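Engineer: I have a structure I would like to understand better, so I am pasting it below and will then ask my questions one at a time.
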Amino acid sequence: MSRLPRCPRHRGPPRGARGVAGATLALAASLVLAGCESGAIGQSGPGSNGQSFVAGSPGATEWRAGSGPAVPRVTGTTLTGQKLALAHYRGHVVVLNFWGSWCTPCRAEAPALASLARHFGRSGVRFLGVDIRDSPANAQAFLRNFGISYPSLNDPGDVIALDFASTVPPSGIPTTLVISPGGRVTARVIGEVSYPGLRGLITRAMAQPS
Amino acid sequence: MPVNIGLAQLSDHFLLGTVVFYALGMLAFAGDFAYGRTPRRRPAAVAATAGSVRVAVPAAATASAALGSAGPAPSAARAAPPGDGAGGTIDGPADAAVGTGWTVAASRWRAGGAPAGRWVRAALAFTALGLVAHVAGILTRGLAEDRVPWGNMYEFVTAITCAAVIAFLLLCIRFRIYSLGLFVMAPVVLGLGLCATVLYTAAGPLVPALHSYWIWIHVTAMTLAIGSFIVAAVLTTMYLVADRYARRPAAGTGTGFGAILQRLPGADALDRLSYRTVIFAFPIWTFGIIAGAIWADQAWGRYWGWDPKETWAFISWVVYAGYLHARATAGWRGHRAAYIQLLGFTTLLFNLVGVNLWITGLHSYAGIN
Amino acid sequence: MTDVRVPAGTTQPAEAADGQLPESPGPAGQAERGRAPATSGPFGIVDWGRWGWHQLTSMRTALILLFLMALASVPGSVLPQQGINPQAVTQYYAAHPALAPWLARFSLFNVFAAPWFAAIYLLLFLSLAGCVIPRTFRLVGAARQQPPRAPRNLSRLPLARRMESPLGPAEALAAASALLAGKRFRVRTGDGWVSAEKGYLREAGNLLFHLALLALLAAVGLGGLFGYKADRLLVAGQSFGNTVTALDQFRPGRLVSAADLQPFAITLNSFSARYVTSGTDLGQPSAFHAYLSYTAQPGAAPQRYDLQVNSPLNVDGVKVYLIGHGYAPVFRVTDGTGRVVFDQAVPFIPVSLAGLTSEGVVKVPDAHPRQLGFAGVFLPTTIDVGGKLESAFPAAYRPRVSLVSFAGNLGMNSGPPQSVYQLDTAGLRRLPVKPRPLAPGQSIRLPGGAGTLTFTGYRQWISLAITYDPGQLPALIAAIAALGGLLVSFLVRRRRVFVRASAGAGGGSSVEFGGLARTEASETFEAEFADLSAALAAATGSGPAAEGGGPRSATATGPSAPNERE
């Protein structure tokens, strides 16, 4: 092997230590770098488990009064064929829920949503669903099954989800947004909502000035 | 588009003729070893080319000290250089000067070398005839299928061997390495034989994923590169053999294996020629990988996915790059670099054979069941 | 490529006594200069760090890392990989139950995303950067480096000529110098000599190649950080928008969030597949056409596109590829109460490529009184082979569906999400229905008033791969630049020529002309040298050139290497 030239401006370490040092350097460097690996090359996905939707990482986010992002213009057709716009509910607290009849967590939270809708209906809180990847027949069967009486917009082409993309995108199914009367998002829940959890979010949204 | 059966059969006949002609050529090359003229001693004052090359062997050391940036050691200053007939001419130690980075080594076999003897001429004629049949076979196959004629392993190996023969003949024209004919044509004939027997698939259309103009660019580049790498591998193997043999004290005698080796170009000349062939093929291989990545992006949605064939192409690239670095590093020049090159060639063979036949991936177009 | 670190600001040392030309300092010279002030004392952390950095950025380390990366790729190509072929991994587990978990511990089923693989290429990145970037600066700084002085004794050079010129020494040298400069050599004149060198581009090409490799690695990393890949299955007539909720699979880079997705929307108007209808390749697909409309932004005018296998759709920087296709039979289910509770196309997944026999499940979770589930096959061109139904051809010439019916609890009202392609029969009871393949329009009447399922027709679906890789174009540019640098460094040779003129007889001069080049360039340089000496002879009005050069005496030297650079 060729004799390696040394940089002339420094001394080398004592001979015996070089081998050990070299190995340690390599190991340390690789451990450090492996810890912050970018996963750039060959990052493989979750693998196909045939779930056919992205579950999203669960969690709730709340915004302080007036600091949440403003909701975009949302218009659509309900499952019964009527045109409906989110602006129609300006002045009320709105709970917007993205769901699908094929989605297990959506089915799990449906009773809570139905119950909360009845509970808060008298207080002026409006519930609105956005139905993803469902035919109208499937969706209406779901609503009948769980006794959900609030309207849902049918969104087979993800137009409404796209409208939200730049503000507070629904990054999973189900996603529930709580919107203040002034049209600002006060809370977002990704994943199944619980009855007490959503009740608390709605109560706090109602307490906000606008 | 239905396959033209008549042309397909014509292609098979052509390729059969190719094998016959190449085999006859090999026999003639062997005949040259046995019955051909012994190589003349080169007179010291040969000056056929302008520039009168004088080889600076003794000046090598001083020249390298004087002028060399980067001067790896002269690989040897042997008393009896290999393959030089009886040695003792002033040009004898020519190859020894190869080692220094900044000196000129004689391209001995070019400088007024002995004209090809009868046997060599016959061998070259057979090989050229074989090449004509080879090209005709590929052409008719392409016409029969109405598509580019490298879409499965049979066609690919046929094309590679054709590229190897073309590379060899070009080197013959430029460097007159006739004596290597036997050793280059042997793997070619072997490859074609495998084609005709094990790898053979009937003419048919391409699978839809291959319907792209990129097949012209990517696969052609790979074919050219692999054909050249085959020739380089043969040259390196002969270099190792010649070099090993030359170290023995009985070198230079005119009998047996020694007689064959005497007819070959010197070990260092073989090494250099192999290096130059790799220098030619390596950029083509690089280009082929890039073209493959562009095509993969169009067809499969990503430009690099560590598909087995992509991975092994990358491995081959790395090993050949290692060879190029080794060749330029003192202490690794010579044998070690040659072994690295052969390692690279092995990865190429695995890529061609193993990945196609044993590992399934997106590249599984071998067409063999 | 040398490993020499030339100290900046080096000046050419004085010529040694016996005609040996000192060269740009080699390691010998450096070592002498550098070792002089050997300070004693403990070898501190900083020294260790500096030594470590030099080790890391040495060429040997870079080559070792490169080889390691190639070696590490081998198991990634031989063993089945999770990201490429998950079923093969599962099969490997089944075939090698003891070995597989150990292999998985070392990430051998996911080599290219393994931490140790990442460590190798990141170290390689560092090593390459640490070596190449300083050298680039040095090259730029030394761009005006002069050729070395001419050696005293030109006749010792491998190629040398001596000629007699009627011009005086100074004029002869001036003529030589002008000639060489005209041929784009870099010329340096001295007292009685001229030195010229050509081929500096070689180092530049070399550096360009290595810098481009660095840029390539960076581009790949960039794509990995900011890019994403996603999959979506789309039935004819359906549309989707590029949001996380709409994607079947979403594999984002580290720095990608849901808000970063480009907001395009795609509608599949129709899909047509053509197959070979005769000959030995009967049933092989010959063409796929997916007719799409798409909008790049919400509210933009829709545009049309014919998506095919080798021609992806490029929308807003994102590429959409056609990956697969299949059939989605449409079912309408009425439950026990007589109401329609399901009316949708259900994608079935092909299990055999020959006839596109496809399998799938139908889940009807909102049926009353009990939830219903169905599992079965769809056969595009149904034939009866000895009592067993098979599909003879991938086009739907005779579509039939054959289903098994279940009732009970599908398990969808709570618990973890289920796959839409699999039926969990744990809570289900199979219904006793006589199995019968359904033609479009036919129904199954479920026993006990559980309901009715009608096979109303079928549609086709396509699967799309959506990829966004911002590093793709930079990677391509880097690769092409690397190729360019490689070619330049291979084709351009460094060569040097020297001219010495001394006063000769009768007012003329004796001109000596010598040259040398790198070994690999020797053959081409001979011809160039011959041309140059002829031109020089003409320029200096010399007579026929007398050949010199070569060894004065054929003394053999041992293989001692005065320096081992390169």
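We name chains A, B, ... following the order of the structure tokens; residues begin at 1 in each chain, and ligands are numbered from 1 as shown.
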With only C-alpha atoms as the counted atoms, please give the residues lying no more than 12 Å from Leu179 in chain C, apart from itself and same-chain residues fewer than 2 positions off, as a list of chain:residue names.

Structural biologist: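 Listing them by chain and then by number gives C:Ala172, C:Leu173, C:Ala174, C:Ala175, C:Ala176, C:Ser177, C:Ala181, C:Gly182, C:Lys183, C:Arg184, C:Phe185, C:Arg186, C:Val187, C:Val194, C:Ala196, C:Val497, C:Val499, C:Asp531, C:Leu532, C:Ser533, C:Ala534, C:Ala535, C:Leu536, C:Ala537, C:Ala538, C:Ala539, C:Thr540.
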
Engineer: With N, CA and C atoms retained, could you export that selection as a PDB file, in the first residue's frame?

Structural biologist:
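Result went into out.pdb, see below:
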```
ATOM      1  N   ALA C 172      15.972  32.342 -31.625  1.00  0.00           N
ATOM      2  CA  ALA C 172      15.427  30.982 -31.734  1.00  0.00           C
ATOM      3  C   ALA C 172      14.436  30.707 -30.613  1.00  0.00           C
ATOM      4  N   LEU C 173      14.828  31.118 -29.399  1.00  0.00           N
ATOM      5  CA  LEU C 173      13.933  30.881 -28.270  1.00  0.00           C
ATOM      6  C   LEU C 173      12.641  31.678 -28.419  1.00  0.00           C
ATOM      7  N   ALA C 174      12.801  32.891 -28.922  1.00  0.00           N
ATOM      8  CA  ALA C 174      11.601  33.699 -29.094  1.00  0.00           C
ATOM      9  C   ALA C 174      10.675  33.060 -30.106  1.00  0.00           C
ATOM     10  N   ALA C 175      11.277  32.538 -31.178  1.00  0.00           N
ATOM     11  CA  ALA C 175      10.444  31.882 -32.188  1.00  0.00           C
ATOM     12  C   ALA C 175       9.754  30.663 -31.602  1.00  0.00           C
ATOM     13  N   ALA C 176      10.532  29.899 -30.835  1.00  0.00           N
ATOM     14  CA  ALA C 176       9.952  28.705 -30.216  1.00  0.00           C
ATOM     15  C   ALA C 176       8.820  29.081 -29.280  1.00  0.00           C
ATOM     16  N   SER C 177       9.084  30.105 -28.487  1.00  0.00           N
ATOM     17  CA  SER C 177       8.099  30.531 -27.515  1.00  0.00           C
ATOM     18  C   SER C 177       6.819  30.991 -28.209  1.00  0.00           C
ATOM     19  N   ALA C 181       3.226  29.198 -27.803  1.00  0.00           N
ATOM     20  CA  ALA C 181       2.092  29.976 -27.312  1.00  0.00           C
ATOM     21  C   ALA C 181       0.959  29.944 -28.310  1.00  0.00           C
ATOM     22  N   GLY C 182       1.339  29.958 -29.597  1.00  0.00           N
ATOM     23  CA  GLY C 182       0.313  29.883 -30.612  1.00  0.00           C
ATOM     24  C   GLY C 182      -0.452  28.574 -30.562  1.00  0.00           C
ATOM     25  N   LYS C 183       0.212  27.537 -30.107  1.00  0.00           N
ATOM     26  CA  LYS C 183      -0.469  26.248 -29.983  1.00  0.00           C
ATOM     27  C   LYS C 183      -1.101  26.062 -28.605  1.00  0.00           C
ATOM     28  N   ARG C 184      -1.304  27.148 -27.909  1.00  0.00           N
ATOM     29  CA  ARG C 184      -2.029  27.187 -26.633  1.00  0.00           C
ATOM     30  C   ARG C 184      -1.324  26.414 -25.529  1.00  0.00           C
ATOM     31  N   PHE C 185      -0.005  26.387 -25.602  1.00  0.00           N
ATOM     32  CA  PHE C 185       0.735  25.908 -24.447  1.00  0.00           C
ATOM     33  C   PHE C 185       0.883  27.061 -23.472  1.00  0.00           C
ATOM     34  N   ARG C 186       1.039  26.723 -22.211  1.00  0.00           N
ATOM     35  CA  ARG C 186       1.368  27.768 -21.250  1.00  0.00           C
ATOM     36  C   ARG C 186       2.887  27.845 -21.212  1.00  0.00           C
ATOM     37  N   VAL C 187       3.424  29.004 -21.546  1.00  0.00           N
ATOM     38  CA  VAL C 187       4.859  29.122 -21.798  1.00  0.00           C
ATOM     39  C   VAL C 187       5.537  29.892 -20.681  1.00  0.00           C
ATOM     40  N   VAL C 194      13.124  27.613 -22.684  1.00  0.00           N
ATOM     41  CA  VAL C 194      11.681  27.865 -22.718  1.00  0.00           C
ATOM     42  C   VAL C 194      10.996  26.586 -22.256  1.00  0.00           C
ATOM     43  N   ALA C 196       7.195  24.750 -21.647  1.00  0.00           N
ATOM     44  CA  ALA C 196       5.777  24.893 -21.993  1.00  0.00           C
ATOM     45  C   ALA C 196       5.003  23.674 -21.527  1.00  0.00           C
ATOM     46  N   VAL C 497       6.821  20.364 -23.001  1.00  0.00           N
ATOM     47  CA  VAL C 497       7.949  20.448 -23.944  1.00  0.00           C
ATOM     48  C   VAL C 497       8.904  21.521 -23.448  1.00  0.00           C
ATOM     49  N   VAL C 499      12.588  23.757 -24.524  1.00  0.00           N
ATOM     50  CA  VAL C 499      13.502  24.187 -25.592  1.00  0.00           C
ATOM     51  C   VAL C 499      14.694  24.844 -24.950  1.00  0.00           C
ATOM     52  N   ASP C 531       4.998  16.532 -34.863  1.00  0.00           N
ATOM     53  CA  ASP C 531       4.486  17.734 -35.524  1.00  0.00           C
ATOM     54  C   ASP C 531       5.135  18.982 -34.969  1.00  0.00           C
ATOM     55  N   LEU C 532       5.263  18.993 -33.642  1.00  0.00           N
ATOM     56  CA  LEU C 532       5.830  20.192 -33.013  1.00  0.00           C
ATOM     57  C   LEU C 532       7.276  20.403 -33.442  1.00  0.00           C
ATOM     58  N   SER C 533       8.035  19.299 -33.503  1.00  0.00           N
ATOM     59  CA  SER C 533       9.437  19.513 -33.862  1.00  0.00           C
ATOM     60  C   SER C 533       9.570  19.934 -35.306  1.00  0.00           C
ATOM     61  N   ALA C 534       8.682  19.438 -36.154  1.00  0.00           N
ATOM     62  CA  ALA C 534       8.720  19.906 -37.540  1.00  0.00           C
ATOM     63  C   ALA C 534       8.381  21.384 -37.603  1.00  0.00           C
ATOM     64  N   ALA C 535       7.370  21.771 -36.847  1.00  0.00           N
ATOM     65  CA  ALA C 535       6.992  23.184 -36.845  1.00  0.00           C
ATOM     66  C   ALA C 535       8.096  24.045 -36.269  1.00  0.00           C
ATOM     67  N   LEU C 536       8.743  23.523 -35.268  1.00  0.00           N
ATOM     68  CA  LEU C 536       9.825  24.275 -34.645  1.00  0.00           C
ATOM     69  C   LEU C 536      10.989  24.417 -35.598  1.00  0.00           C
ATOM     70  N   ALA C 537      11.250  23.321 -36.280  1.00  0.00           N
ATOM     71  CA  ALA C 537      12.331  23.391 -37.260  1.00  0.00           C
ATOM     72  C   ALA C 537      12.030  24.469 -38.284  1.00  0.00           C
ATOM     73  N   ALA C 538      10.799  24.511 -38.697  1.00  0.00           N
ATOM     74  CA  ALA C 538      10.423  25.533 -39.671  1.00  0.00           C
ATOM     75  C   ALA C 538      10.551  26.927 -39.063  1.00  0.00           C
ATOM     76  N   ALA C 539      10.114  27.045 -37.813  1.00  0.00           N
ATOM     77  CA  ALA C 539      10.128  28.372 -37.194  1.00  0.00           C
ATOM     78  C   ALA C 539      11.532  28.893 -36.978  1.00  0.00           C
ATOM     79  N   THR C 540      12.435  27.980 -36.666  1.00  0.00           N
ATOM     80  CA  THR C 540      13.787  28.447 -36.413  1.00  0.00           C
ATOM     81  C   THR C 540      14.678  28.294 -37.622  1.00  0.00           C
TER      82      THR C 540
END
```

Engineer: Could you list, as a ChimeraX atom specification, every residue within 9 Å of range 66-83 of chain C, counting only C-alpha atoms and ignoring same-chain residues fewer than 5 positions away?

Structural biologist: /A:42-47 /B:306-312,314-316,318-319,322,355,359 /C:61,88-90,92,108-112,117,120-121,124

Engineer: List the neighbours of Ala117 in chain A out to 10 Å using only C-alpha atoms; skip same-chain residues closer than 3 positions along the sequence, and give me the result as an MDAnalysis selection string.

Structural biologist: chainID A and resid 95 111:114 120:128 148:150 199

Engineer: What lies within 12 Å of Trp285 in chain B using only C-alpha atoms, ignoring chain neighbours under 6 positions off, as a PyMOL selection string?

Structural biologist: (chain B and resi 217-229+278-279+291-292+313-318+320-321+348) or (chain C and resi 483+486)

Engineer: When you draw a straight line from CA of Leu170 in chain B to CA of Leu264 in chain B, how long is it in Å?

Structural biologist: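 These atoms are spaced 17.3 Å apart.
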